>>> print(open('query_35.txt').read())   # compact mmCIF, C-alpha atoms
# COMPACT_ATOMS: atom_id res chain seq x y z
CA MET A 1 85.99 59.48 76.50
CA SER A 2 87.69 61.30 73.63
CA ASN A 3 85.85 64.48 74.60
CA GLN A 4 87.21 64.13 78.13
CA TYR A 5 90.78 63.75 76.83
CA GLY A 6 90.21 66.75 74.58
CA LYS A 7 89.18 68.92 77.54
CA TRP A 8 92.20 67.70 79.50
CA GLY A 9 94.47 68.64 76.59
CA VAL A 10 93.00 72.13 76.42
CA PHE A 11 93.44 72.53 80.18
CA LYS A 12 97.11 71.44 79.99
CA PHE A 13 97.70 73.87 77.12
CA ILE A 14 96.22 76.74 79.14
CA VAL A 15 98.33 75.82 82.18
CA TYR A 16 101.56 75.55 80.17
CA ALA A 17 100.84 78.75 78.25
CA SER A 18 100.15 80.60 81.51
CA CYS A 19 103.39 79.31 83.07
CA ILE A 20 105.40 80.32 80.01
CA PHE A 21 103.81 83.78 80.00
CA LEU A 22 104.43 84.29 83.73
CA GLY A 23 108.00 83.04 83.32
CA PHE A 24 108.52 85.53 80.50
CA LEU A 25 107.17 88.36 82.66
CA SER A 26 109.59 87.35 85.44
CA VAL A 27 112.66 87.19 83.20
CA PHE A 28 111.92 90.17 80.91
CA PRO A 29 112.89 92.97 83.39
CA PHE A 30 116.27 91.33 83.98
CA VAL A 31 116.87 90.97 80.24
CA VAL A 32 116.10 94.67 79.73
CA MET A 33 118.41 95.58 82.63
CA PHE A 34 121.34 93.56 81.24
CA ILE A 35 120.85 94.99 77.75
CA ASN A 36 120.58 98.56 79.04
CA ALA A 37 123.92 98.03 80.79
CA THR A 38 125.46 97.94 77.30
CA ARG A 39 123.71 101.11 76.09
CA SER A 40 124.46 104.79 76.52
CA THR A 41 122.33 107.24 78.44
CA ASP A 42 121.13 108.94 75.24
CA GLU A 43 120.05 105.59 73.78
CA ILE A 44 118.11 104.74 76.92
CA TRP A 45 116.41 108.15 76.91
CA ARG A 46 115.39 107.71 73.28
CA GLU A 47 114.23 104.11 73.65
CA SER A 48 113.94 102.83 77.21
CA ILE A 49 113.19 99.22 76.20
CA SER A 50 115.31 97.43 73.65
CA LEU A 51 116.28 93.80 73.07
CA ILE A 52 119.35 94.65 70.99
CA PRO A 53 122.64 95.07 72.93
CA SER A 54 124.71 98.15 72.21
CA THR A 55 128.46 98.84 72.31
CA HIS A 56 128.78 101.08 75.38
CA LEU A 57 129.50 98.44 78.03
CA LEU A 58 133.14 99.45 78.50
CA SER A 59 132.31 103.17 78.57
CA ASN A 60 129.63 102.54 81.19
CA PHE A 61 132.12 100.58 83.26
CA GLY A 62 134.55 103.47 82.82
CA VAL A 63 131.96 105.84 84.29
CA PHE A 64 131.43 103.43 87.16
CA ALA A 65 135.15 102.92 87.80
CA GLY A 66 135.94 106.61 87.30
CA LYS A 67 134.27 107.56 90.56
CA SER A 68 136.10 107.80 93.86
CA TYR A 69 135.28 104.16 94.60
CA ASN A 70 136.03 100.83 92.97
CA PRO A 71 133.02 98.68 91.93
CA LEU A 72 135.06 95.49 92.32
CA VAL A 73 135.84 96.50 95.90
CA GLY A 74 132.13 97.15 96.40
CA LEU A 75 131.33 93.67 95.13
CA MET A 76 133.90 92.18 97.49
CA ASN A 77 132.59 94.20 100.46
CA SER A 78 129.01 93.14 99.78
CA MET A 79 130.13 89.54 99.36
CA ILE A 80 132.03 89.52 102.65
CA ILE A 81 129.08 91.00 104.55
CA SER A 82 126.42 88.84 102.89
CA VAL A 83 128.28 85.54 103.11
CA SER A 84 129.30 86.13 106.74
CA THR A 85 125.77 87.21 107.66
CA THR A 86 124.27 84.15 105.97
CA ILE A 87 126.65 81.73 107.69
CA CYS A 88 126.07 83.27 111.13
CA ALA A 89 122.30 83.44 110.73
CA VAL A 90 121.91 79.91 109.37
CA TYR A 91 124.23 78.16 111.81
CA PHE A 92 123.24 79.85 115.05
CA SER A 93 119.52 79.90 114.22
CA SER A 94 119.65 76.19 113.43
CA LEU A 95 121.55 75.58 116.65
CA THR A 96 118.98 77.54 118.68
CA ALA A 97 116.09 75.73 116.99
CA TYR A 98 117.75 72.39 117.73
CA GLY A 99 118.05 73.35 121.39
CA LEU A 100 114.34 74.22 121.49
CA VAL A 101 113.36 70.86 119.98
CA ALA A 102 115.88 68.32 121.25
CA TYR A 103 116.18 69.45 124.88
CA SER A 104 113.49 69.59 127.54
CA TRP A 105 114.12 72.40 129.99
CA LYS A 106 111.95 74.44 132.28
CA LEU A 107 111.78 77.74 130.41
CA ARG A 108 111.75 76.31 126.89
CA GLN A 109 108.22 77.46 126.03
CA ALA A 110 108.75 80.86 127.66
CA PHE A 111 111.94 81.32 125.63
CA PHE A 112 110.12 80.43 122.41
CA THR A 113 107.34 82.88 123.30
CA PHE A 114 109.97 85.58 123.85
CA ILE A 115 111.35 84.87 120.35
CA LEU A 116 107.87 85.29 118.88
CA VAL A 117 107.51 88.63 120.67
CA ILE A 118 110.86 89.82 119.26
CA ILE A 119 109.64 89.00 115.74
CA MET A 120 106.79 91.49 116.18
CA ILE A 121 109.15 94.40 116.94
CA PRO A 122 110.02 96.37 113.77
CA ALA A 123 113.75 96.59 113.09
CA GLN A 124 113.47 100.35 112.50
CA VAL A 125 112.58 100.87 116.16
CA VAL A 126 115.99 99.71 117.40
CA ASN A 127 118.20 101.16 114.64
CA ILE A 128 118.88 104.47 116.42
CA GLY A 129 119.79 102.81 119.71
CA PHE A 130 121.87 100.22 117.90
CA TYR A 131 123.83 102.90 116.05
CA GLN A 132 124.47 104.86 119.26
CA PHE A 133 125.70 101.71 120.98
CA MET A 134 128.05 100.84 118.11
CA LEU A 135 129.30 104.45 118.08
CA GLN A 136 130.14 104.31 121.78
CA ILE A 137 132.17 101.11 121.46
CA GLY A 138 133.93 102.32 118.31
CA LEU A 139 132.51 99.92 115.73
CA THR A 140 131.49 102.40 113.07
CA ASN A 141 133.27 102.05 109.72
CA ASN A 142 133.38 98.34 110.43
CA PHE A 143 131.64 95.31 108.96
CA LEU A 144 130.95 93.74 112.36
CA PRO A 145 127.75 95.74 113.14
CA LEU A 146 126.35 94.48 109.84
CA ILE A 147 127.29 90.84 110.49
CA LEU A 148 127.06 90.05 114.20
CA PRO A 149 123.31 90.83 114.64
CA ALA A 150 122.61 87.93 112.28
CA ILE A 151 123.58 85.56 115.12
CA ALA A 152 120.22 86.41 116.71
CA SER A 153 117.64 85.99 113.94
CA PRO A 154 114.29 85.25 115.62
CA ALA A 155 112.31 84.74 112.40
CA MET A 156 114.79 82.14 111.18
CA VAL A 157 114.79 80.41 114.58
CA PHE A 158 111.02 80.11 114.32
CA PHE A 159 111.22 78.67 110.81
CA MET A 160 113.97 76.19 111.72
CA ARG A 161 112.12 75.06 114.85
CA GLN A 162 108.97 74.38 112.86
CA TYR A 163 110.99 72.40 110.32
CA LEU A 164 112.68 70.29 113.01
CA MET A 165 109.38 69.70 114.78
CA ALA A 166 108.06 68.12 111.58
CA THR A 167 111.14 66.20 110.45
CA LEU A 168 113.41 65.40 113.39
CA SER A 169 112.95 62.13 115.29
CA LEU A 170 114.45 62.36 118.76
CA ASP A 171 115.32 58.67 118.52
CA ILE A 172 118.15 59.69 116.17
CA VAL A 173 119.54 62.05 118.80
CA ASP A 174 119.22 59.40 121.53
CA SER A 175 120.97 56.82 119.34
CA ALA A 176 123.86 59.24 118.73
CA ARG A 177 124.19 59.85 122.47
CA ILE A 178 124.19 56.11 123.21
CA ASP A 179 126.97 55.68 120.64
CA GLY A 180 129.01 58.26 122.55
CA ALA A 181 128.67 61.20 120.16
CA LYS A 182 129.10 64.64 121.71
CA GLU A 183 126.30 67.17 121.40
CA PHE A 184 128.02 69.45 118.89
CA PHE A 185 129.17 66.44 116.87
CA THR A 186 125.56 65.24 116.72
CA PHE A 187 124.37 68.64 115.59
CA ASN A 188 127.11 69.30 113.05
CA ARG A 189 127.31 65.84 111.49
CA ILE A 190 123.75 64.53 111.80
CA ILE A 191 121.24 67.34 112.29
CA LEU A 192 122.64 69.95 109.89
CA PRO A 193 122.68 67.58 106.88
CA MET A 194 119.06 66.72 107.62
CA MET A 195 118.18 70.42 107.51
CA LYS A 196 119.64 71.15 104.07
CA PRO A 197 116.30 72.11 102.43
CA ALA A 198 115.41 74.51 105.25
CA ILE A 199 118.95 75.89 105.37
CA ALA A 200 119.00 76.48 101.60
CA THR A 201 115.65 78.28 101.71
CA GLN A 202 116.62 80.57 104.56
CA ALA A 203 120.13 81.13 103.18
CA ILE A 204 118.63 82.55 99.98
CA PHE A 205 116.41 84.97 101.91
CA VAL A 206 119.18 86.07 104.28
CA PHE A 207 121.76 86.53 101.52
CA VAL A 208 119.39 88.55 99.34
CA GLY A 209 118.30 90.70 102.30
CA SER A 210 121.88 91.35 103.38
CA TRP A 211 123.07 92.02 99.81
CA ASN A 212 120.27 94.54 99.19
CA ASN A 213 120.61 96.17 102.61
CA PHE A 214 121.10 99.89 102.07
CA PHE A 215 120.15 101.81 105.20
CA LEU A 216 122.47 100.24 107.80
CA PRO A 217 125.60 100.24 105.59
CA LEU A 218 124.83 103.84 104.67
CA ILE A 219 124.89 105.02 108.30
CA PHE A 220 127.73 102.78 109.51
CA LEU A 221 130.15 102.99 106.57
CA THR A 222 131.49 106.46 105.76
CA ASP A 223 134.83 105.30 104.32
CA SER A 224 134.51 104.89 100.55
CA SER A 225 136.77 101.82 100.61
CA LEU A 226 134.10 100.04 102.69
CA TYR A 227 131.10 100.93 100.51
CA THR A 228 128.80 98.13 99.43
CA MET A 229 127.25 97.78 95.99
CA PRO A 230 123.85 99.33 96.89
CA ILE A 231 125.64 102.44 98.19
CA MET A 232 127.79 102.71 95.08
CA VAL A 233 124.81 102.31 92.76
CA SER A 234 122.93 105.04 94.65
CA LEU A 235 125.91 107.40 94.26
CA LEU A 236 125.86 106.90 90.48
CA ARG A 237 122.75 109.04 90.20
CA GLY A 238 124.89 112.19 90.23
CA ASP A 239 122.98 115.46 89.83
CA ILE A 240 119.59 115.99 88.23
CA TYR A 241 121.13 117.36 85.02
CA ARG A 242 123.38 114.43 84.15
CA VAL A 243 122.27 111.00 85.23
CA GLN A 244 124.40 108.16 83.85
CA LEU A 245 121.65 105.64 83.20
CA GLY A 246 123.89 103.14 81.42
CA ALA A 247 126.30 103.06 84.36
CA ILE A 248 123.39 102.71 86.78
CA TYR A 249 122.04 99.73 84.85
CA LEU A 250 125.52 98.23 84.83
CA GLY A 251 125.77 98.64 88.58
CA LEU A 252 122.37 97.03 89.03
CA SER A 253 123.43 94.16 86.78
CA LEU A 254 126.59 93.60 88.80
CA SER A 255 124.48 93.64 91.96
CA VAL A 256 122.03 91.07 90.65
CA LEU A 257 124.51 88.52 89.27
CA PRO A 258 125.62 87.12 92.67
CA LEU A 259 121.96 86.71 93.65
CA PHE A 260 121.39 84.55 90.57
CA VAL A 261 124.43 82.44 91.45
CA ILE A 262 123.26 81.90 95.03
CA PHE A 263 119.71 81.06 94.01
CA PHE A 264 120.62 78.54 91.33
CA SER A 265 123.27 76.98 93.58
CA LEU A 266 120.84 76.37 96.44
CA SER A 267 117.58 75.77 94.56
CA LYS A 268 118.41 72.07 94.05
CA TYR A 269 118.27 71.52 97.81
CA ILE A 270 114.86 73.21 98.02
CA ILE A 271 113.53 71.04 95.19
CA ALA A 272 115.00 67.93 96.83
CA GLY A 273 113.27 68.83 100.09
CA VAL A 274 109.92 69.28 98.35
CA GLN A 275 110.31 65.93 96.61
CA LEU A 276 111.31 64.24 99.85
CA GLY A 277 108.28 65.70 101.62
CA GLY A 278 106.00 64.33 98.92
CA VAL A 279 107.14 60.70 99.41
CA LYS A 280 104.65 58.58 101.30
CA GLU A 281 105.85 55.51 103.20
>>> encode(input="query_35.txt", output="structure tokens")
Amino acid sequence: MSNQYGKWGVFKFIVYASCIFLGFLSVFPFVVMFINATRSTDEIWRESISLIPSTHLLSNFGVFAGKSYNPLVGLMNSMIISVSTTICAVYFSSLTAYGLVAYSWKLRQAFFTFILVIIMIPAQVVNIGFYQFMLQIGLTNNFLPLILPAIASPAMVFFMRQYLMATLSLDIVDSARIDGAKEFFTFNRIILPMMKPAIATQAIFVFVGSWNNFFLPLIFLTDSSLYTMPIMVSLLRGDIYRVQLGAIYLGLSLSVLPLFVIFFSLSKYIIAGVQLGGVKE
């Protein structure tokens, strides 16, 4: 018996040690990035990896702010686009998924099949036509082409439908209708709170994808006052003879910080959903 407990202890030690090591590997690149944001370009060239912060944070920010664009404006632009995109994608995808689950109509399965077909089409195929269409209606140099397409997010509709199929009891919807609740009231006040784990998961993916989006903002936004953070960071590269590495690391650090905030703010809902799914009645 003692030998069995000894083997179990060794196994737990290996598991914990592996998790700690993998966690260190995940966090280490971000630590290096934040520290390099405080170092000069010459220091980074001499020693690319260091765990000791330097004193060049303000000078790096001066390089960043000394360009023809304002990094704080870039943060605000990226925040406006990402938050709006996330809200549109989450709400309307959840609403569409609810319609596919809660209502029985003739073309419901055909509509869901059409959504699956749309998922298989690469986004790059439609980018040229989408840009030409936005150009014709005068929506270049505008945030709307970067936000409104999120209303139709087929991959998220598929995920939300699968979640509702597994968790939603139609008796709840019928009870709300018997009590006189309107359809949108039922969805907004009853269904959405039930979908918090799925919404949190998808919100993280959508926000990160929108925040890191580089190609579409690059072709739609030519006014420097509308630049997003990825565009500003790419412009920091300068020429091949003088690359401001410290300023680039600072820009990357500023780009990553909101992603950390969003992830840690929503992760509790994901954990709660996993715990709820593990409860057996």
>>> atom_distance(input="query_35.txt", atom1="CA of Leu250 in chain A", atom2="CA of Phe34 in chain A")
7.2 Å
>>> atom_distance(input="query_35.txt", atom1="CA of Leu164 in chain A", atom2="CA of Pro193 in chain A")
12.0 Å
>>> atom_distance(input="query_35.txt", atom1="CA of Met160 in chain A", atom2="CA of Ser94 in chain A")
5.9 Å
>>> closest_atom_pairs(input="query_35.txt", of="range 125-166 of chain A", to="range 78-81 of chain A", cutoff="9 Å", atoms="only C-alpha atoms", output="tab-separated table")
residue	atom	partner	partner_atom	distance
A:Phe143	CA	A:Ile81	CA	6.7
A:Leu144	CA	A:Ile81	CA	8.5
A:Leu146	CA	A:Ile81	CA	6.9
A:Ile147	CA	A:Ile81	CA	6.2
>>> write_last_selection(input="query_35.txt", atoms="C-alpha atoms", output="PDB file, keeping the file's coordinate frame")
ATOM      1  CA  PHE A 143     131.640  95.310 108.960  1.00  0.00           C
ATOM      2  CA  LEU A 144     130.950  93.740 112.360  1.00  0.00           C
ATOM      3  CA  LEU A 146     126.350  94.480 109.840  1.00  0.00           C
ATOM      4  CA  ILE A 147     127.290  90.840 110.490  1.00  0.00           C
TER       5      ILE A 147
END
>>> closest_atom_pairs(input="query_35.txt", of="range 147-214 of chain A", to="range 225-233 of chain A", cutoff="8 Å", atoms="only C-alpha atoms", output="JSON lines")
{"residue": "A:Trp211", "atom": "CA", "partner": "A:Pro230", "partner_atom": "CA", "distance": 7.9}
{"residue": "A:Asn212", "atom": "CA", "partner": "A:Pro230", "partner_atom": "CA", "distance": 6.4}
{"residue": "A:Asn213", "atom": "CA", "partner": "A:Pro230", "partner_atom": "CA", "distance": 7.3}
{"residue": "A:Phe214", "atom": "CA", "partner": "A:Pro230", "partner_atom": "CA", "distance": 5.9}
>>> residues_near_point(input="query_35.txt", point="(116.8, 94.4, 74.1)", cutoff="9 Å", atoms="only C-alpha atoms", output="VMD selection string")
chain A and resid 31 to 36 49 to 54
>>> residues_around(input="query_35.txt", residues="Thr186 in chain A", least_positions_apart="2", cutoff="10 Å", atoms="all atoms listed in the file", output="PyMOL selection string")
chain A and resi 172-177+180-184+188-192
>>> write_last_selection(input="query_35.txt", atoms="C-alpha atoms", output="PDB file, in the frame of the given file")
ATOM      1  CA  ILE A 172     118.150  59.690 116.170  1.00  0.00           C
ATOM      2  CA  VAL A 173     119.540  62.050 118.800  1.00  0.00           C
ATOM      3  CA  ASP A 174     119.220  59.400 121.530  1.00  0.00           C
ATOM      4  CA  SER A 175     120.970  56.820 119.340  1.00  0.00           C
ATOM      5  CA  ALA A 176     123.860  59.240 118.730  1.00  0.00           C
ATOM      6  CA  ARG A 177     124.190  59.850 122.470  1.00  0.00           C
ATOM      7  CA  GLY A 180     129.010  58.260 122.550  1.00  0.00           C
ATOM      8  CA  ALA A 181     128.670  61.200 120.160  1.00  0.00           C
ATOM      9  CA  LYS A 182     129.100  64.640 121.710  1.00  0.00           C
ATOM     10  CA  GLU A 183     126.300  67.170 121.400  1.00  0.00           C
ATOM     11  CA  PHE A 184     128.020  69.450 118.890  1.00  0.00           C
ATOM     12  CA  ASN A 188     127.110  69.300 113.050  1.00  0.00           C
ATOM     13  CA  ARG A 189     127.310  65.840 111.490  1.00  0.00           C
ATOM     14  CA  ILE A 190     123.750  64.530 111.800  1.00  0.00           C
ATOM     15  CA  ILE A 191     121.240  67.340 112.290  1.00  0.00           C
ATOM     16  CA  LEU A 192     122.640  69.950 109.890  1.00  0.00           C
TER      17      LEU A 192
END
